[in-house]
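Asker: Structure: upload_34.pdb, PDB, C-alpha atoms.
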ATOM      1  CA  MET A   1    -132.008  14.311 102.644
ATOM      2  CA  THR A   2    -129.929  17.502 102.382
ATOM      3  CA  ASN A   3    -126.177  17.431 101.906
ATOM      4  CA  LEU A   4    -125.729  18.604 105.499
ATOM      5  CA  GLU A   5    -127.933  15.801 106.754
ATOM      6  CA  LYS A   6    -125.926  13.317 104.687
ATOM      7  CA  TYR A   7    -122.652  14.773 106.032
ATOM      8  CA  ASN A   8    -123.841  14.553 109.618
ATOM      9  CA  ARG A   9    -125.084  11.022 109.128
ATOM     10  CA  ILE A  10    -121.620   9.967 107.949
ATOM     11  CA  PHE A  11    -120.033  11.291 111.152
ATOM     12  CA  CYS A  12    -122.724   9.763 113.344
ATOM     13  CA  ASP A  13    -122.389   6.351 111.688
ATOM     14  CA  THR A  14    -118.595   6.382 111.583
ATOM     15  CA  PHE A  15    -118.065   7.434 115.187
ATOM     16  CA  GLN A  16    -121.303   6.087 116.645
ATOM     17  CA  VAL A  17    -122.309   9.448 118.121
ATOM     18  CA  GLU A  18    -125.453  11.548 118.272
ATOM     19  CA  GLU A  19    -125.834  14.495 115.914
ATOM     20  CA  ASN A  20    -125.892  17.036 118.772
ATOM     21  CA  VAL A  21    -122.182  16.442 119.528
ATOM     22  CA  LEU A  22    -121.084  17.501 116.049
ATOM     23  CA  ASN A  23    -119.614  20.933 116.674
ATOM     24  CA  GLU A  24    -116.362  22.900 116.473
ATOM     25  CA  LYS A  25    -114.800  20.677 119.132
ATOM     26  CA  PHE A  26    -115.391  17.463 117.207
ATOM     27  CA  ASP A  27    -111.882  16.669 115.936
ATOM     28  CA  ASN A  28    -109.279  13.930 115.824
ATOM     29  CA  THR A  29    -107.637  15.047 119.059
ATOM     30  CA  SER A  30    -110.773  14.990 121.172
ATOM     31  CA  VAL A  31    -112.818  12.162 119.698
ATOM     32  CA  GLU A  32    -112.036   8.749 121.094
ATOM     33  CA  GLY A  33    -111.313   6.177 118.419
ATOM     34  CA  TRP A  34    -110.550   8.650 115.618
ATOM     35  CA  ASP A  35    -107.598   6.620 114.356
ATOM     36  CA  SER A  36    -106.246   6.006 110.849
ATOM     37  CA  ILE A  37    -108.778   3.244 110.173
ATOM     38  CA  LYS A  38    -111.700   5.467 111.211
ATOM     39  CA  GLN A  39    -110.180   8.236 109.110
ATOM     40  CA  LEU A  40    -110.168   5.992 106.050
ATOM     41  CA  CYS A  41    -113.747   4.869 106.724
ATOM     42  CA  LEU A  42    -114.772   8.496 107.064
ATOM     43  CA  ILE A  43    -113.069   9.433 103.796
ATOM     44  CA  THR A  44    -114.560   6.460 101.971
ATOM     45  CA  SER A  45    -118.064   7.310 103.157
ATOM     46  CA  ILE A  46    -117.704  10.971 102.227
ATOM     47  CA  GLU A  47    -116.334  10.123  98.780
ATOM     48  CA  GLU A  48    -119.048   7.590  98.099
ATOM     49  CA  THR A  49    -121.877   9.765  99.376
ATOM     50  CA  PHE A  50    -120.871  12.847  97.433
ATOM     51  CA  ASP A  51    -119.320  11.006  94.458
ATOM     52  CA  ILE A  52    -115.930  12.685  94.738
ATOM     53  CA  MET A  53    -112.299  11.605  95.164
ATOM     54  CA  LEU A  54    -110.344  13.662  97.644
ATOM     55  CA  ASP A  55    -106.723  14.646  97.071
ATOM     56  CA  THR A  56    -104.201  13.307  99.545
ATOM     57  CA  GLU A  57    -103.702  16.761 101.063
ATOM     58  CA  ASP A  58    -107.424  16.968 101.781
ATOM     59  CA  ILE A  59    -107.487  13.505 103.303
ATOM     60  CA  ILE A  60    -104.740  14.584 105.661
ATOM     61  CA  GLY A  61    -106.493  17.877 106.291
ATOM     62  CA  LEU A  62    -109.801  16.295 107.232
ATOM     63  CA  VAL A  63    -109.095  16.348 110.952
ATOM     64  CA  SER A  64    -112.367  17.735 112.239
ATOM     65  CA  TYR A  65    -116.060  18.023 111.541
ATOM     66  CA  PHE A  66    -115.646  21.667 110.558
ATOM     67  CA  ALA A  67    -112.521  21.074 108.419
ATOM     68  CA  GLY A  68    -114.473  18.507 106.433
ATOM     69  CA  LYS A  69    -117.124  21.086 105.590
ATOM     70  CA  ASP A  70    -114.493  23.447 104.153
ATOM     71  CA  ILE A  71    -112.905  20.651 102.167
ATOM     72  CA  LEU A  72    -116.204  19.573 100.650
ATOM     73  CA  GLY A  73    -116.712  23.146  99.511
ATOM     74  CA  LYS A  74    -113.562  22.811  97.369
ATOM     75  CA  TYR A  75    -115.215  19.946  95.516
ATOM     76  CA  GLY A  76    -118.392  21.888  94.874
ATOM     77  CA  VAL A  77    -120.437  20.221  97.580
ATOM     78  CA  ILE A  78    -122.563  22.861  99.257
ATOM     79  CA  LEU A  79    -123.701  21.952 102.752
TER      80      LEU A  79
ATOM     81  CA  MET B   1    -118.764 -23.844  85.214
ATOM     82  CA  ASP B   2    -117.721 -20.278  85.956
ATOM     83  CA  ARG B   3    -114.294 -19.235  84.870
ATOM     84  CA  LEU B   4    -111.696 -18.304  87.501
ATOM     85  CA  LEU B   5    -112.195 -14.525  87.251
ATOM     86  CA  GLU B   6    -115.733 -14.451  85.847
ATOM     87  CA  LYS B   7    -117.166 -10.900  85.986
ATOM     88  CA  LYS B   8    -114.333  -9.573  88.119
ATOM     89  CA  VAL B   9    -113.416  -6.030  87.134
ATOM     90  CA  CYS B  10    -109.656  -5.780  86.712
ATOM     91  CA  LEU B  11    -107.165  -3.156  85.608
ATOM     92  CA  ILE B  12    -103.771  -4.148  84.226
ATOM     93  CA  THR B  13    -101.229  -1.339  83.913
ATOM     94  CA  GLY B  14     -98.499  -1.499  81.312
ATOM     95  CA  ALA B  15    -100.685  -3.815  79.253
ATOM     96  CA  GLY B  16     -99.764  -2.382  75.870
ATOM     97  CA  ARG B  17     -97.218  -5.130  75.259
ATOM     98  CA  GLY B  18     -94.969  -7.708  76.831
ATOM     99  CA  ILE B  19     -95.890  -9.431  80.074
ATOM    100  CA  GLY B  20     -98.697  -6.938  80.767
ATOM    101  CA  ARG B  21    -100.422  -7.839  77.500
ATOM    102  CA  VAL B  22    -100.188 -11.547  78.310
ATOM    103  CA  ILE B  23    -101.588 -10.948  81.802
ATOM    104  CA  ALA B  24    -104.521  -9.089  80.253
ATOM    105  CA  ASP B  25    -105.078 -11.972  77.836
ATOM    106  CA  ARG B  26    -105.049 -14.489  80.704
ATOM    107  CA  PHE B  27    -107.507 -12.421  82.746
ATOM    108  CA  ALA B  28    -109.869 -12.059  79.791
ATOM    109  CA  ARG B  29    -109.628 -15.786  79.074
ATOM    110  CA  ASP B  30    -110.491 -16.389  82.726
ATOM    111  CA  GLY B  31    -113.650 -14.327  82.308
ATOM    112  CA  ALA B  32    -112.636 -10.998  83.840
ATOM    113  CA  ILE B  33    -113.786  -7.622  82.585
ATOM    114  CA  VAL B  34    -110.355  -6.242  81.773
ATOM    115  CA  TYR B  35    -109.266  -2.627  81.515
ATOM    116  CA  ILE B  36    -105.900  -2.459  79.793
ATOM    117  CA  ASN B  37    -103.823   0.593  80.534
ATOM    118  CA  ASP B  38    -100.757   1.977  78.865
ATOM    119  CA  ILE B  39     -99.300   5.349  78.082
ATOM    120  CA  LYS B  40    -100.092   5.097  74.340
ATOM    121  CA  LEU B  41    -103.010   3.525  72.521
ATOM    122  CA  GLU B  42    -101.022   1.957  69.658
ATOM    123  CA  ASP B  43    -102.824  -1.312  68.764
ATOM    124  CA  MET B  44    -104.726  -1.606  72.042
ATOM    125  CA  ASP B  45    -108.106  -0.809  70.456
ATOM    126  CA  SER B  46    -108.001  -3.581  67.895
ATOM    127  CA  TRP B  47    -106.420  -6.035  70.323
ATOM    128  CA  ALA B  48    -109.078  -5.298  72.942
ATOM    129  CA  GLU B  49    -111.853  -5.817  70.413
ATOM    130  CA  SER B  50    -110.557  -9.162  69.204
ATOM    131  CA  CYS B  51    -109.841 -10.267  72.769
ATOM    132  CA  SER B  52    -113.383  -9.339  73.837
ATOM    133  CA  GLN B  53    -114.876 -11.460  71.050
ATOM    134  CA  LEU B  54    -112.522 -14.378  71.515
ATOM    135  CA  TYR B  55    -113.153 -14.717  75.249
ATOM    136  CA  ARG B  56    -116.772 -13.465  75.367
ATOM    137  CA  THR B  57    -115.990 -10.714  77.830
ATOM    138  CA  LYS B  58    -115.240  -7.009  77.852
ATOM    139  CA  VAL B  59    -111.719  -5.690  77.290
ATOM    140  CA  VAL B  60    -111.361  -1.921  77.349
ATOM    141  CA  PRO B  61    -108.282   0.171  76.541
ATOM    142  CA  LEU B  62    -107.613   2.996  78.979
ATOM    143  CA  CYS B  63    -104.787   5.360  78.127
ATOM    144  CA  PHE B  64    -103.096   7.330  80.869
ATOM    145  CA  ASP B  65     -99.683   7.858  82.353
ATOM    146  CA  VAL B  66     -99.548   6.112  85.723
ATOM    147  CA  THR B  67     -97.287   8.868  87.053
ATOM    148  CA  ASP B  68    -100.000  11.466  86.398
ATOM    149  CA  SER B  69    -102.076  11.391  89.602
ATOM    150  CA  VAL B  70    -104.954  13.372  88.130
ATOM    151  CA  ALA B  71    -105.212  11.117  85.083
ATOM    152  CA  LEU B  72    -104.848   8.017  87.218
ATOM    153  CA  LYS B  73    -107.651   9.120  89.511
ATOM    154  CA  ALA B  74    -109.881   9.974  86.534
ATOM    155  CA  GLY B  75    -109.155   6.590  84.967
ATOM    156  CA  LEU B  76    -110.069   4.718  88.121
ATOM    157  CA  MET B  77    -113.232   6.769  88.548
ATOM    158  CA  ASP B  78    -114.177   5.951  84.936
ATOM    159  CA  ILE B  79    -113.915   2.250  85.646
ATOM    160  CA  TYR B  80    -115.776   2.560  88.935
ATOM    161  CA  LYS B  81    -118.631   4.559  87.474
ATOM    162  CA  THR B  82    -118.966   2.239  84.488
ATOM    163  CA  GLU B  83    -118.714  -1.079  86.302
ATOM    164  CA  GLY B  84    -119.813  -0.134  89.820
ATOM    165  CA  LYS B  85    -116.753  -1.772  91.347
ATOM    166  CA  ILE B  86    -113.058  -2.531  90.957
ATOM    167  CA  ASP B  87    -112.007  -6.017  92.049
ATOM    168  CA  CYS B  88    -108.350  -6.237  91.126
ATOM    169  CA  ILE B  89    -105.471  -4.115  89.947
ATOM    170  CA  VAL B  90    -102.270  -5.553  88.552
ATOM    171  CA  ASN B  91     -99.513  -2.985  88.913
ATOM    172  CA  ASN B  92     -97.312  -4.060  86.043
ATOM    173  CA  ALA B  93     -96.195  -0.803  84.389
ATOM    174  CA  ALA B  94     -92.483  -0.311  84.924
ATOM    175  CA  ILE B  95     -89.302   1.042  83.431
ATOM    176  CA  ILE B  96     -86.601  -1.567  83.034
ATOM    177  CA  ALA B  97     -83.062  -0.352  82.499
ATOM    178  CA  ASN B  98     -79.865  -2.262  83.100
ATOM    179  CA  GLN B  99     -76.854  -0.156  83.917
ATOM    180  CA  LYS B 100     -73.769  -0.599  86.022
ATOM    181  CA  LEU B 101     -73.784   1.426  89.220
ATOM    182  CA  GLY B 102     -71.446   4.116  87.920
ATOM    183  CA  MET B 103     -73.620   4.668  84.860
ATOM    184  CA  VAL B 104     -76.924   5.277  86.632
ATOM    185  CA  THR B 105     -77.925   8.896  86.220
ATOM    186  CA  LYS B 106     -80.048  10.763  88.722
ATOM    187  CA  SER B 107     -82.668  11.530  86.091
ATOM    188  CA  LEU B 108     -83.038   7.870  85.123
ATOM    189  CA  LEU B 109     -83.240   6.897  88.775
ATOM    190  CA  GLU B 110     -85.990   9.447  89.342
ATOM    191  CA  ARG B 111     -87.942   8.267  86.315
ATOM    192  CA  MET B 112     -87.668   4.661  87.413
ATOM    193  CA  PHE B 113     -88.841   5.412  90.940
ATOM    194  CA  ASN B 114     -91.667   7.594  89.623
ATOM    195  CA  VAL B 115     -93.072   4.795  87.463
ATOM    196  CA  ASN B 116     -92.017   1.675  89.351
ATOM    197  CA  VAL B 117     -92.662   2.838  92.924
ATOM    198  CA  PHE B 118     -94.418   6.183  93.434
ATOM    199  CA  ALA B 119     -97.131   5.461  90.867
ATOM    200  CA  VAL B 120     -97.849   2.134  92.553
ATOM    201  CA  ILE B 121     -98.273   3.833  95.921
ATOM    202  CA  ASP B 122    -100.566   6.356  94.253
ATOM    203  CA  MET B 123    -102.580   3.506  92.765
ATOM    204  CA  LEU B 124    -102.823   1.742  96.126
ATOM    205  CA  GLN B 125    -103.947   4.955  97.821
ATOM    206  CA  ILE B 126    -106.691   5.809  95.376
ATOM    207  CA  ALA B 127    -107.917   2.396  94.299
ATOM    208  CA  SER B 128    -108.101   1.004  97.826
ATOM    209  CA  ARG B 129    -110.689   3.657  98.675
ATOM    210  CA  LEU B 130    -112.808   2.613  95.706
ATOM    211  CA  MET B 131    -112.389  -1.088  96.498
ATOM    212  CA  SER B 132    -113.407  -0.562 100.100
ATOM    213  CA  ARG B 133    -116.758   0.868  98.953
ATOM    214  CA  ASN B 134    -117.664  -2.598  97.702
ATOM    215  CA  GLY B 135    -116.242  -4.530 100.605
ATOM    216  CA  GLY B 136    -112.752  -5.255  99.328
ATOM    217  CA  GLY B 137    -110.574  -6.223  96.401
ATOM    218  CA  CYS B 138    -106.999  -7.096  95.669
ATOM    219  CA  PHE B 139    -103.756  -5.834  94.210
ATOM    220  CA  VAL B 140    -101.096  -7.866  92.448
ATOM    221  CA  ASN B 141     -97.830  -5.982  92.214
ATOM    222  CA  ILE B 142     -95.220  -7.138  89.745
ATOM    223  CA  ALA B 143     -91.890  -7.265  91.550
ATOM    224  CA  SER B 144     -88.802  -9.131  90.385
ATOM    225  CA  ILE B 145     -86.517 -11.770  91.687
ATOM    226  CA  THR B 146     -83.751  -9.144  91.489
ATOM    227  CA  GLY B 147     -85.607  -7.249  94.203
ATOM    228  CA  ILE B 148     -84.953 -10.214  96.488
ATOM    229  CA  VAL B 149     -81.529 -11.519  95.530
ATOM    230  CA  GLY B 150     -80.042  -8.544  93.654
ATOM    231  CA  SER B 151     -78.286  -8.600  90.319
ATOM    232  CA  PRO B 152     -75.181  -6.910  88.903
ATOM    233  CA  GLY B 153     -76.117  -4.132  86.505
ATOM    234  CA  GLN B 154     -79.521  -3.734  88.077
ATOM    235  CA  VAL B 155     -78.873  -1.602  91.143
ATOM    236  CA  ALA B 156     -81.490   0.952  90.152
ATOM    237  CA  TYR B 157     -84.079  -1.506  88.867
ATOM    238  CA  SER B 158     -83.683  -3.945  91.738
ATOM    239  CA  SER B 159     -84.008  -1.051  94.211
ATOM    240  CA  THR B 160     -87.406  -0.215  92.798
ATOM    241  CA  LYS B 161     -88.494  -3.851  92.904
ATOM    242  CA  GLY B 162     -87.229  -4.237  96.452
ATOM    243  CA  ALA B 163     -89.430  -1.268  97.300
ATOM    244  CA  ILE B 164     -92.382  -3.025  95.669
ATOM    245  CA  ILE B 165     -91.821  -6.058  97.867
ATOM    246  CA  SER B 166     -91.705  -4.141 101.145
ATOM    247  CA  MET B 167     -94.585  -1.936 100.010
ATOM    248  CA  THR B 168     -96.650  -5.033  99.276
ATOM    249  CA  LYS B 169     -96.098  -6.424 102.760
ATOM    250  CA  SER B 170     -96.909  -3.164 104.555
ATOM    251  CA  ALA B 171     -99.915  -2.329 102.403
ATOM    252  CA  ALA B 172    -101.278  -5.834 102.927
ATOM    253  CA  LYS B 173    -101.227  -5.321 106.675
ATOM    254  CA  GLU B 174    -102.709  -1.852 106.482
ATOM    255  CA  LEU B 175    -105.487  -2.747 104.035
ATOM    256  CA  ALA B 176    -106.452  -6.110 105.518
ATOM    257  CA  PRO B 177    -109.127  -4.566 107.783
ATOM    258  CA  LEU B 178    -110.785  -3.287 104.597
ATOM    259  CA  HIS B 179    -110.714  -6.828 103.124
ATOM    260  CA  ILE B 180    -108.218  -5.781 100.505
ATOM    261  CA  ARG B 181    -105.471  -8.254  99.709
ATOM    262  CA  VAL B 182    -102.071  -7.158  98.424
ATOM    263  CA  ASN B 183     -99.609  -9.631  96.945
ATOM    264  CA  ALA B 184     -96.625  -9.526  94.637
ATOM    265  CA  VAL B 185     -95.369 -11.761  91.877
ATOM    266  CA  ALA B 186     -91.606 -11.882  91.498
ATOM    267  CA  PRO B 187     -90.650 -13.173  88.056
ATOM    268  CA  GLY B 188     -87.254 -14.702  87.405
ATOM    269  CA  ILE B 189     -85.767 -14.646  83.927
ATOM    270  CA  VAL B 190     -88.642 -14.408  81.473
ATOM    271  CA  LYS B 191     -88.426 -14.868  77.718
ATOM    272  CA  THR B 192     -89.778 -11.611  76.367
ATOM    273  CA  GLU B 193     -88.793  -9.376  73.462
ATOM    274  CA  ARG B 194     -86.650  -7.467  75.934
ATOM    275  CA  PHE B 195     -84.907 -10.697  76.889
ATOM    276  CA  ASP B 196     -84.063 -11.418  73.269
ATOM    277  CA  GLU B 197     -82.403  -8.010  72.971
ATOM    278  CA  LEU B 198     -80.414  -8.564  76.147
ATOM    279  CA  TYR B 199     -79.430 -12.054  75.084
ATOM    280  CA  ALA B 200     -77.949 -10.735  71.880
ATOM    281  CA  ASP B 201     -75.601  -8.530  73.906
ATOM    282  CA  HIS B 202     -74.934 -10.651  76.988
ATOM    283  CA  GLY B 203     -75.597 -14.222  75.875
ATOM    284  CA  GLU B 204     -72.825 -15.930  77.839
ATOM    285  CA  THR B 205     -73.667 -14.244  81.138
ATOM    286  CA  ILE B 206     -77.324 -15.051  80.696
ATOM    287  CA  ASP B 207     -76.556 -18.682  79.814
ATOM    288  CA  SER B 208     -74.777 -19.098  83.144
ATOM    289  CA  ARG B 209     -77.829 -17.756  84.944
ATOM    290  CA  ILE B 210     -80.185 -20.001  83.003
ATOM    291  CA  GLU B 211     -78.130 -22.998  84.165
ATOM    292  CA  LYS B 212     -79.103 -22.092  87.729
ATOM    293  CA  ILE B 213     -82.810 -22.481  87.004
ATOM    294  CA  ALA B 214     -83.707 -25.766  88.647
ATOM    295  CA  LEU B 215     -86.704 -26.407  86.422
ATOM    296  CA  GLY B 216     -84.373 -26.192  83.433
ATOM    297  CA  ARG B 217     -86.085 -23.566  81.320
ATOM    298  CA  LEU B 218     -86.745 -19.873  81.033
ATOM    299  CA  GLY B 219     -89.980 -18.480  82.369
ATOM    300  CA  THR B 220     -92.660 -17.407  79.934
ATOM    301  CA  PRO B 221     -95.014 -14.437  80.186
ATOM    302  CA  GLU B 222     -97.806 -17.016  80.524
ATOM    303  CA  ASP B 223     -96.151 -18.367  83.692
ATOM    304  CA  ILE B 224     -96.330 -14.891  85.206
ATOM    305  CA  ALA B 225     -99.891 -14.334  84.016
ATOM    306  CA  ASN B 226    -101.047 -17.625  85.543
ATOM    307  CA  ALA B 227     -99.656 -16.611  88.933
ATOM    308  CA  CYS B 228    -101.354 -13.210  88.697
ATOM    309  CA  SER B 229    -104.680 -14.791  87.783
ATOM    310  CA  PHE B 230    -104.498 -17.134  90.755
ATOM    311  CA  LEU B 231    -103.694 -14.305  93.175
ATOM    312  CA  ALA B 232    -106.524 -12.210  91.739
ATOM    313  CA  SER B 233    -109.002 -15.039  92.140
ATOM    314  CA  ASP B 234    -111.080 -16.108  95.102
ATOM    315  CA  ARG B 235    -108.888 -19.185  95.355
ATOM    316  CA  ALA B 236    -106.326 -16.880  96.939
ATOM    317  CA  SER B 237    -108.832 -15.330  99.320
ATOM    318  CA  TYR B 238    -106.721 -16.148 102.390
ATOM    319  CA  ILE B 239    -103.429 -15.050 100.851
ATOM    320  CA  SER B 240    -102.123 -11.537 101.401
ATOM    321  CA  GLY B 241     -98.760  -9.897 101.960
ATOM    322  CA  GLN B 242     -96.974 -12.623 100.006
ATOM    323  CA  VAL B 243     -94.316 -12.454  97.332
ATOM    324  CA  LEU B 244     -94.773 -15.353  94.934
ATOM    325  CA  GLY B 245     -91.541 -16.163  93.132
ATOM    326  CA  VAL B 246     -92.184 -17.370  89.593
ATOM    327  CA  ASP B 247     -88.641 -18.255  88.705
ATOM    328  CA  GLY B 248     -88.406 -21.994  88.035
ATOM    329  CA  CYS B 249     -86.785 -22.526  91.427
ATOM    330  CA  ALA B 250     -83.814 -20.336  90.553
ATOM    331  CA  THR B 251     -83.490 -18.681  93.913
ATOM    332  CA  ILE B 252     -83.031 -21.697  96.150
TER     333      ILE B 252
END
As structure tokens, please, write out the structure in this file.

Answerer:
Amino acid sequence: MTNLEKYNRIFCDTFQVEENVLNEKFDNTSVEGWDSIKQLCLITSIEETFDIMLDTEDIIGLVSYFAGKDILGKYGVIL
Amino acid sequence: MDRLLEKKVCLITGAGRGIGRVIADRFARDGAIVYINDIKLEDMDSWAESCSQLYRTKVVPLCFDVTDSVALKAGLMDIYKTEGKIDCIVNNAAIIANQKLGMVTKSLLERMFNVNVFAVIDMLQIASRLMSRNGGGCFVNIASITGIVGSPGQVAYSSTKGAIISMTKSAAKELAPLHIRVNAVAPGIVKTERFDELYADHGETIDSRIEKIALGRLGTPEDIANACSFLASDRASYISGQVLGVDGCATI
């Protein structure tokens, strides 16, 4: 499985959505149920999958599918 | 029969000496794999080795400054990668300073809050994410009875411990959905080396406070360690958000 496939799987599992909805509009203002608990689950899954620990600023900044991709880049994870 | 904390992976901060060292000893005796943290190594290596042999478990020194977020994160990741999980963290590291209100400097206040409060929040933030990967865990935060009832000469210290108490309650509620328990132990007057120093200077005042201890004796570091071990164990699996006073019934 590629890193992008792993990344997409995390979003699909966390928010119970199909992969085809993961686009630039997939963010915490438009996705139903993207609350602080889901945010923490998302962070935990990302950290575990890619074996990283995000800084607090990045946890706060992970507000969308696209933002997450940029943040992972900072930790050397190429999608 | 399994020991109370058999194979549980635990980190004790401020375990280089005093109450933290005794907590680490209790946890090791109860079968836990114990990581002992302090800012300096000093005799931790030799103590850890003898403790490991004595209690047939693994005791590992881990030096870092709890106020250094990067080092703290690296330390936790080390434990996680080595053991595959973190079950319990005892947030014991703290600065204790007794000064009358007019003598408390801003720099001391900042140092105390950095170690006693901000570092604990940092620990909760980072470690809870690692604990949640394995379905949960627990924190035991060392508060103080002064954080509940106050004490003259301890405005700064009791403020930090009051923060620990409210932090414990809020974090317990927030982390409960992740099956992470958060409790605090609030020691009363405990006979430590620090106590002996204080007693030499303020014996009469302290005697009057000891008279108010209903159980008629000072607390020991072992009393505190026993409470921590219980809260870290599965016997406390339905207990979270609580502040357990270990004070010989001094507060009633």

Asker: Under the ChimeraX specification (/A :<10) & /B, which residues of this model are included? Write them out as number ranges by chain.

Answerer: B: 69-70, 73-74, 77, 81, 122, 125-126, 128-133, 174-175, 177-178

Asker: My list of candidates is A:Leu22, A:Val17, A:Leu4, A:Ile10. Which is closest to Ser64 in chain A when distances are computed with all atoms listed in the file?

Answerer: A:Leu22

Asker: Under the PyMOL selection byres ((chain B and resi 56) around 10), which residues of this model are included? Write them out as a PyMOL selection string.

Answerer: chain B and resi 28-29+31-33+50-55+57-59

Asker: Go ahead and write the selection's residues with C-alpha atoms as a PDB file, in the coordinates of the input.

Answerer:
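That gives us part33.pdb:
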ATOM      1  CA  ALA B  28    -109.869 -12.059  79.791  1.00  0.00           C
ATOM      2  CA  ARG B  29    -109.628 -15.786  79.074  1.00  0.00           C
ATOM      3  CA  GLY B  31    -113.650 -14.327  82.308  1.00  0.00           C
ATOM      4  CA  ALA B  32    -112.636 -10.998  83.840  1.00  0.00           C
ATOM      5  CA  ILE B  33    -113.786  -7.622  82.585  1.00  0.00           C
ATOM      6  CA  SER B  50    -110.557  -9.162  69.204  1.00  0.00           C
ATOM      7  CA  CYS B  51    -109.841 -10.267  72.769  1.00  0.00           C
ATOM      8  CA  SER B  52    -113.383  -9.339  73.837  1.00  0.00           C
ATOM      9  CA  GLN B  53    -114.876 -11.460  71.050  1.00  0.00           C
ATOM     10  CA  LEU B  54    -112.522 -14.378  71.515  1.00  0.00           C
ATOM     11  CA  TYR B  55    -113.153 -14.717  75.249  1.00  0.00           C
ATOM     12  CA  THR B  57    -115.990 -10.714  77.830  1.00  0.00           C
ATOM     13  CA  LYS B  58    -115.240  -7.009  77.852  1.00  0.00           C
ATOM     14  CA  VAL B  59    -111.719  -5.690  77.290  1.00  0.00           C
TER      15      VAL B  59
END

Asker: For Leu108 in chain B, which residue among B:Ile121, B:Phe195, B:Val155, B:Glu204 is the nearest when counting all atoms listed in the file?

Answerer: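 Smallest separation from Leu108 in chain B among the options: B:Val155.
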
Asker: Could you expand the PyMOL selection byres ((chain B and resi 66) around 10) into the explicit residues it covers here, written as a PDB file with C-alpha atoms, in the frame of the given file?

Answerer:
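out-v7.pdb was written with the following content:
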ATOM      1  CA  THR B  13    -101.229  -1.339  83.913  1.00  0.00           C
ATOM      2  CA  GLY B  14     -98.499  -1.499  81.312  1.00  0.00           C
ATOM      3  CA  ASN B  37    -103.823   0.593  80.534  1.00  0.00           C
ATOM      4  CA  ASP B  38    -100.757   1.977  78.865  1.00  0.00           C
ATOM      5  CA  ILE B  39     -99.300   5.349  78.082  1.00  0.00           C
ATOM      6  CA  CYS B  63    -104.787   5.360  78.127  1.00  0.00           C
ATOM      7  CA  PHE B  64    -103.096   7.330  80.869  1.00  0.00           C
ATOM      8  CA  ASP B  65     -99.683   7.858  82.353  1.00  0.00           C
ATOM      9  CA  THR B  67     -97.287   8.868  87.053  1.00  0.00           C
ATOM     10  CA  ASP B  68    -100.000  11.466  86.398  1.00  0.00           C
ATOM     11  CA  SER B  69    -102.076  11.391  89.602  1.00  0.00           C
ATOM     12  CA  VAL B  70    -104.954  13.372  88.130  1.00  0.00           C
ATOM     13  CA  ALA B  71    -105.212  11.117  85.083  1.00  0.00           C
ATOM     14  CA  LEU B  72    -104.848   8.017  87.218  1.00  0.00           C
ATOM     15  CA  LYS B  73    -107.651   9.120  89.511  1.00  0.00           C
ATOM     16  CA  GLY B  75    -109.155   6.590  84.967  1.00  0.00           C
ATOM     17  CA  ASN B  91     -99.513  -2.985  88.913  1.00  0.00           C
ATOM     18  CA  ALA B  93     -96.195  -0.803  84.389  1.00  0.00           C
ATOM     19  CA  ALA B  94     -92.483  -0.311  84.924  1.00  0.00           C
ATOM     20  CA  ASN B 114     -91.667   7.594  89.623  1.00  0.00           C
ATOM     21  CA  VAL B 115     -93.072   4.795  87.463  1.00  0.00           C
ATOM     22  CA  ASN B 116     -92.017   1.675  89.351  1.00  0.00           C
ATOM     23  CA  PHE B 118     -94.418   6.183  93.434  1.00  0.00           C
ATOM     24  CA  ALA B 119     -97.131   5.461  90.867  1.00  0.00           C
ATOM     25  CA  VAL B 120     -97.849   2.134  92.553  1.00  0.00           C
ATOM     26  CA  ASP B 122    -100.566   6.356  94.253  1.00  0.00           C
ATOM     27  CA  MET B 123    -102.580   3.506  92.765  1.00  0.00           C
TER      28      MET B 123
END

Asker: Name the residues in contact with Phe50 in chain A at a cut-off of 10 Å, using all atoms listed in the file, excluding same-chain residues fewer than 5 positions from it; report them as a ChimeraX atom specification.

Answerer: /A:3,6-7,45,72,75-77

Asker: So what do you get for CA of Asp25 in chain B versus CA of Gly188 in chain B, distance-wise?

Answerer: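 One can read the CA of Asp25 in chain B to CA of Gly188 in chain B distance as 20.4 Å.
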
Asker: Report, in Å to a single decimal, how far apart CA of Asp58 in chain A and CA of Ile142 in chain B are.

Answerer: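 Between these atoms lies a distance of 29.6 Å.
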
Asker: For a quick check of understanding, using all atoms listed in the file, which of A:Val21, A:Phe66, A:Thr14, A:Arg9 has the smallest distance to Gln39 in chain A?

Answerer: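 Residue with the minimum atom-to-atom distance to Gln39 in chain A: A:Thr14.
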
Asker: Any idea what the distance is between CA of Cys138 in chain B and CA of Asp223 in chain B?

Answerer: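 Value for the CA of Cys138 in chain B-CA of Asp223 in chain B distance: 19.7 Å.
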
Asker: Rank B:Leu244, B:Glu49, B:Arg209, B:Gly147 by their smallest atom-to-atom distance to Phe230 in chain B, using only C-alpha atoms, and report the top residue only.

Answerer: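 Selected residue with least distance to Phe230 in chain B: B:Leu244.
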
Asker: If we count only C-alpha atoms and set the cut-off at 6 Å, which residues sit around Gly248 in chain B, ignoring sequence neighbours fewer than 2 positions away in its own chain? Please answer as a short mmCIF file (atom, residue, chain, number, x, y, z; two decimals) with C-alpha atoms, keeping the file's coordinate frame.

Answerer:
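What ended up in result_26.cif:
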data_model
loop_
_atom_site.label_atom_id
_atom_site.label_comp_id
_atom_site.auth_asym_id
_atom_site.auth_seq_id
_atom_site.Cartn_x
_atom_site.Cartn_y
_atom_site.Cartn_z
CA ILE B 213 -82.81 -22.48 87.00
CA LEU B 215 -86.70 -26.41 86.42
CA ALA B 250 -83.81 -20.34 90.55
#
